[in-house]
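Q: Below is the structure I would like to discuss, written out as C-alpha cells.
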Amino acid sequence: MTRIFSGVKPTGHLTLGNYLGAVRRWTEVDQHAADALFCVVDLHALTVDHDPARVRRLSRQAATLLLAAGLDPALCTVFVQSHVDEHARLSYLLECVATDGEMRRMIQYKEKSVRERARGGSVRLSLLTYPVLMAADILAYGTDDVPVGDDQTQHVELARDLAVRFNQRYGHTFVVPRAVRPQVAARVMSLQDPLAKMGKSEDVGPGIVYLLDEPDAVRKKVARAVTDSGRDVVYDREERPGVANLLEILAACTDGEPEKLAAAYGSYGALKRDVAEAVVEVLRPVRERHRELCADPGYLEGVLRAGAERAREVARPRVDAAYRAIGLLPAG
C-alpha cells in the first residue's frame, strides 16, 4: 500500500486555504487510499522567534482541527512530530549528508531570512537546516508520496537527493519519495491580495478566513474582498485575479467550475454573497466538531498518544538501520 506523509506547522491558526488546499483531500481521499500519516510538525515552528505557550496552544488546536475536519484515527495515523524522537535522530544524520550550498539555495530560506533581518532579528541556524528536518520527517517513514503545493516542491526534491546520496554511500536504506500535486486541491489566495497565498502565519488580517471564524466574520471578510476594475464577472486569473480567486473559492466549496460559475453572475455583490454562504456552510461541520472535541480533551490526548506509538513503530527500524549504515555503534 502506498504510504503518504504530510503535516501542518503550528505557526498560526489553520485557514480556509489549508482546508481546501490540503486537509479536505487528506480526509476524503488520502486516508482511504493509502497508509497515511499526518503530523503536526511543531519542531518546525521553532525556526523563528516564538512564544512557547502559543506553539503548544496552536499545536493542540491544529491536531483538534485535523480530527474535526474528518481525519479518522482508525484509518490513518495522527501525531505530533516532537513526540517521536526518530525525527530529530534522523535529521542529524541527514545533516551529515547534506551540503551548505544545498541549504542556502532553498528559496524559503532566502525569503524568510530577508524578512527576519528586515525586522531586526537574527536568523536562527535551524531556519537554514529545517529542510533537512523536513526530509527526515519524510524519509523516516518510507514515504512514497508527499502531497505538496508549489512552495514545498523544492524541499521534497531535497529529500529525494538526500535519500539517493545516502543509499549510494552507505547502502540502500531509504525509499526515494515523490512530490505529488493533488489535482483536486484548490489554490486559495488572500482576499486582500489575490496574488499572495492565504497563509496561516499572519496573526490577523481581513484577507484570511480561519477555520474557526464565526459566520459573520466570514461574511464580513468576503464582503470586503478585493475585486478588480470593471463590473462584469469573468474568470481570468491573469487579468482579474480578485474575481478569479472568489470564483475558485466558490468552485472549491460547491464542486463547480469557475468558468461556468462566472456566467451566472451579473455583479460582484451577488458573487460575494454566494461565496460567503458557501464558505460558511463548508466550515460549519468543522467548527461544530471542533467544539465537541474541545469538550473532551482526553480524546485528543489518546489519539495523539496512540498515533505517536504507531509512528515510532514505523520509523524506528529504518532510523536504526540508518545509524548502523552510516557507521555508528549500536546501543547495548
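Lettering and numbering for the C-alpha cells are positional, with chains as A, B, ... in the shown order, residues counted from 1 in each chain, and ligands counted from 1 in the shown order.
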Please report as JSON lines every residue of range 104-154 of chain A lying within 10 Å of range 85-90 of chain A, along with the nearest atom pair and their distance in Å (one decimal), using only C-alpha atoms.
A:
{"residue": "A:Val132", "atom": "CA", "partner": "A:Leu90", "partner_atom": "CA", "distance": 9.1}
{"residue": "A:Leu133", "atom": "CA", "partner": "A:His87", "partner_atom": "CA", "distance": 7.0}
{"residue": "A:Met134", "atom": "CA", "partner": "A:His87", "partner_atom": "CA", "distance": 8.6}
{"residue": "A:Ala135", "atom": "CA", "partner": "A:Leu90", "partner_atom": "CA", "distance": 9.0}
{"residue": "A:Ala136", "atom": "CA", "partner": "A:Leu90", "partner_atom": "CA", "distance": 5.6}
{"residue": "A:Asp137", "atom": "CA", "partner": "A:His87", "partner_atom": "CA", "distance": 5.7}
{"residue": "A:Ile138", "atom": "CA", "partner": "A:His87", "partner_atom": "CA", "distance": 9.0}
{"residue": "A:Leu139", "atom": "CA", "partner": "A:Leu90", "partner_atom": "CA", "distance": 8.6}
{"residue": "A:Ala140", "atom": "CA", "partner": "A:His87", "partner_atom": "CA", "distance": 7.0}
{"residue": "A:Tyr141", "atom": "CA", "partner": "A:Glu86", "partner_atom": "CA", "distance": 9.7}
Q: Restricted to C-alpha atoms, what would the selected residues look like written as a CSV table (one decimal), in the first residue's frame?
A:
chain,number,residue,atom,x,y,z
A,132,VAL,CA,16.8,18.6,6.4
A,133,LEU,CA,14.4,18.0,9.3
A,134,MET,CA,11.6,18.0,6.7
A,135,ALA,CA,13.5,15.4,4.7
A,136,ALA,CA,13.8,13.3,7.9
A,137,ASP,CA,10.1,13.7,8.5
A,138,ILE,CA,9.5,12.1,5.1
A,139,LEU,CA,12.3,9.5,4.9
A,140,ALA,CA,11.8,8.1,8.4
A,141,TYR,CA,8.5,6.5,7.3
Q: Taking the DSSP assignment computed from this structure's backbone, write out as an MDAnalysis selection string all residues of range 65-172 of chain A that belong to alpha helix (DSSP H).
A: chainID A and resid 65:69 86:95 100:104 107:118 125:139 153:170
Q: Of the candidates A:Val40, A:Ala63, A:Val48, A:Ala315, which shows the shortest atom-to-atom distance to Gly302 in chain A, using only C-alpha atoms?
A: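 The shortest atom-to-atom distance to Gly302 in chain A comes from A:Ala63.
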Q: Skip Leu66 in chain A itself and residues of its chain fewer than 5 positions away, then list as a ChimeraX atom specification all residues within 12 Å of it, counting only C-alpha atoms.
A: /A:6-8,10,13-15,18-19,22-27,31,37-40,59-61,71-73,76-80,211,286-287,289-290,293,300,303-304
Q: Quick one: write out the picked residues with N, CA and C atoms as a compact mmCIF listing (two decimals), in the first residue's frame?
A:
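Contents of part.txt, freshly written:
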# COMPACT_ATOMS: atom_id res chain seq x y z
N SER A 6 2.26 13.77 5.41
CA SER A 6 2.10 15.21 5.25
C SER A 6 1.90 15.82 6.62
N GLY A 7 2.03 17.13 6.71
CA GLY A 7 1.93 17.75 8.02
C GLY A 7 1.53 19.21 7.95
N VAL A 8 1.19 19.75 9.11
CA VAL A 8 0.88 21.17 9.23
C VAL A 8 1.77 21.76 10.32
N PRO A 10 2.41 24.48 13.26
CA PRO A 10 1.60 25.29 14.17
C PRO A 10 2.17 26.69 14.37
N HIS A 13 -3.21 30.00 13.06
CA HIS A 13 -4.48 29.28 13.02
C HIS A 13 -4.72 28.76 11.60
N LEU A 14 -5.23 27.54 11.49
CA LEU A 14 -5.47 26.96 10.17
C LEU A 14 -6.52 27.76 9.42
N THR A 15 -6.33 27.86 8.12
CA THR A 15 -7.15 28.73 7.29
C THR A 15 -7.99 27.94 6.29
N ASN A 18 -5.69 26.27 3.92
CA ASN A 18 -5.18 24.97 4.39
C ASN A 18 -6.20 23.87 4.18
N TYR A 19 -7.47 24.18 4.45
CA TYR A 19 -8.51 23.17 4.36
C TYR A 19 -8.79 22.78 2.91
N ALA A 22 -5.47 21.32 1.11
CA ALA A 22 -4.78 20.10 1.54
C ALA A 22 -5.65 19.21 2.42
N VAL A 23 -6.15 19.76 3.53
CA VAL A 23 -6.76 18.92 4.57
C VAL A 23 -7.99 18.19 4.05
N ARG A 24 -8.80 18.84 3.24
CA ARG A 24 -10.00 18.17 2.75
C ARG A 24 -9.65 16.95 1.92
N ARG A 25 -8.60 17.05 1.12
CA ARG A 25 -8.18 15.88 0.34
C ARG A 25 -7.67 14.78 1.25
N TRP A 26 -6.95 15.16 2.31
CA TRP A 26 -6.48 14.14 3.25
C TRP A 26 -7.66 13.34 3.80
N THR A 27 -8.74 14.05 4.13
CA THR A 27 -9.88 13.38 4.75
C THR A 27 -10.70 12.58 3.74
N GLN A 31 -6.58 9.31 3.30
CA GLN A 31 -6.66 8.37 4.42
C GLN A 31 -7.37 7.07 4.03
N LEU A 37 0.07 9.06 7.13
CA LEU A 37 0.48 9.64 8.40
C LEU A 37 0.38 11.15 8.28
N PHE A 38 -0.31 11.77 9.26
CA PHE A 38 -0.48 13.21 9.27
C PHE A 38 0.04 13.75 10.60
N CYS A 39 0.89 14.77 10.50
CA CYS A 39 1.70 15.18 11.64
C CYS A 39 1.59 16.68 11.87
N VAL A 40 1.50 17.08 13.13
CA VAL A 40 1.66 18.48 13.50
C VAL A 40 3.16 18.69 13.70
N SER A 59 -0.44 23.93 18.49
CA SER A 59 -0.24 22.52 18.17
C SER A 59 -1.47 21.71 18.55
N ARG A 60 -2.00 21.97 19.73
CA ARG A 60 -3.22 21.28 20.16
C ARG A 60 -4.39 21.65 19.24
N GLN A 61 -4.50 22.93 18.93
CA GLN A 61 -5.60 23.36 18.06
C GLN A 61 -5.50 22.73 16.68
N LEU A 71 -10.25 13.59 9.69
CA LEU A 71 -9.26 12.53 9.79
C LEU A 71 -9.71 11.53 10.85
N ASP A 72 -9.66 10.26 10.51
CA ASP A 72 -10.16 9.19 11.36
C ASP A 72 -8.98 8.37 11.88
N PRO A 73 -8.72 8.37 13.19
CA PRO A 73 -7.59 7.60 13.73
C PRO A 73 -7.67 6.11 13.44
N CYS A 76 -6.04 6.36 9.69
CA CYS A 76 -4.73 7.00 9.46
C CYS A 76 -4.05 7.24 10.80
N THR A 77 -2.83 7.72 10.76
CA THR A 77 -2.04 8.00 11.96
C THR A 77 -1.92 9.51 12.12
N VAL A 78 -2.39 10.03 13.24
CA VAL A 78 -2.32 11.45 13.54
C VAL A 78 -1.44 11.62 14.78
N PHE A 79 -0.40 12.44 14.68
CA PHE A 79 0.53 12.57 15.81
C PHE A 79 1.25 13.90 15.76
N VAL A 80 2.02 14.15 16.80
CA VAL A 80 2.82 15.37 16.91
C VAL A 80 4.29 15.01 16.71
N LEU A 211 -10.45 28.69 9.93
CA LEU A 211 -11.44 27.63 10.06
C LEU A 211 -12.39 27.87 11.23
N VAL A 286 -16.99 21.54 10.48
CA VAL A 286 -15.67 21.54 11.10
C VAL A 286 -15.71 22.27 12.43
N ARG A 287 -16.35 23.44 12.43
CA ARG A 287 -16.45 24.22 13.67
C ARG A 287 -17.25 23.47 14.73
N ARG A 289 -17.73 20.17 15.03
CA ARG A 289 -16.98 19.02 15.53
C ARG A 289 -15.81 19.48 16.40
N HIS A 290 -15.19 20.60 16.06
CA HIS A 290 -14.11 21.14 16.87
C HIS A 290 -14.62 21.46 18.27
N LEU A 293 -14.97 18.23 20.22
CA LEU A 293 -13.68 17.66 20.61
C LEU A 293 -13.04 18.44 21.76
N LEU A 300 -8.47 13.68 22.45
CA LEU A 300 -7.33 14.13 21.64
C LEU A 300 -6.03 13.57 22.19
N VAL A 303 -5.66 10.00 21.15
CA VAL A 303 -5.36 9.86 19.72
C VAL A 303 -3.90 10.17 19.45
N LEU A 304 -3.39 11.25 20.04
CA LEU A 304 -2.00 11.63 19.79
C LEU A 304 -1.03 10.65 20.41
Q: Interatomic distance between CA of Ser267 in chain A and CA of Asp193 in chain A?
A: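 CA of Asp193 in chain A lies 20.2 Å from CA of Ser267 in chain A.
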Q: Sorted by chain and rising residue number, which residues of range 165-239 of chain A lie within 10 Å of range 2-5 of chain A, and what are their closest atom pairs and distances in Å to one decimal, counting only C-alpha atoms, as CSV?
A:
residue,atom,partner,partner_atom,distance
A:Pro177,CA,A:Ile4,CA,9.3
A:Arg178,CA,A:Ile4,CA,9.8
A:Val180,CA,A:Ile4,CA,9.8
Q: Any chance you could export the current selection's N, CA, C and O atoms as a PDB file, in the first residue's frame?
A:
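The result, written out as result-v7.pdb:
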ATOM      1  N   PRO A 177      11.197   9.329  -2.175  1.00  0.00           N
ATOM      2  CA  PRO A 177       9.796   9.759  -2.252  1.00  0.00           C
ATOM      3  C   PRO A 177       9.500  10.570  -3.515  1.00  0.00           C
ATOM      4  O   PRO A 177      10.411  11.054  -4.198  1.00  0.00           O
ATOM      5  N   ARG A 178       8.211  10.722  -3.786  1.00  0.00           N
ATOM      6  CA  ARG A 178       7.754  11.532  -4.904  1.00  0.00           C
ATOM      7  C   ARG A 178       6.923  12.698  -4.378  1.00  0.00           C
ATOM      8  O   ARG A 178       6.119  12.529  -3.458  1.00  0.00           O
ATOM      9  N   VAL A 180       3.813  14.916  -4.915  1.00  0.00           N
ATOM     10  CA  VAL A 180       2.556  14.730  -5.621  1.00  0.00           C
ATOM     11  C   VAL A 180       1.734  16.002  -5.491  1.00  0.00           C
ATOM     12  O   VAL A 180       1.494  16.491  -4.383  1.00  0.00           O
TER      13      VAL A 180
END
Q: Smallest atom-to-atom distance to Ala252 in chain A: which of A:Ala325, A:Val279, A:Leu75, A:Ala98, using only C-alpha atoms?
A: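 Residue with the minimum atom-to-atom distance to Ala252 in chain A: A:Val279.
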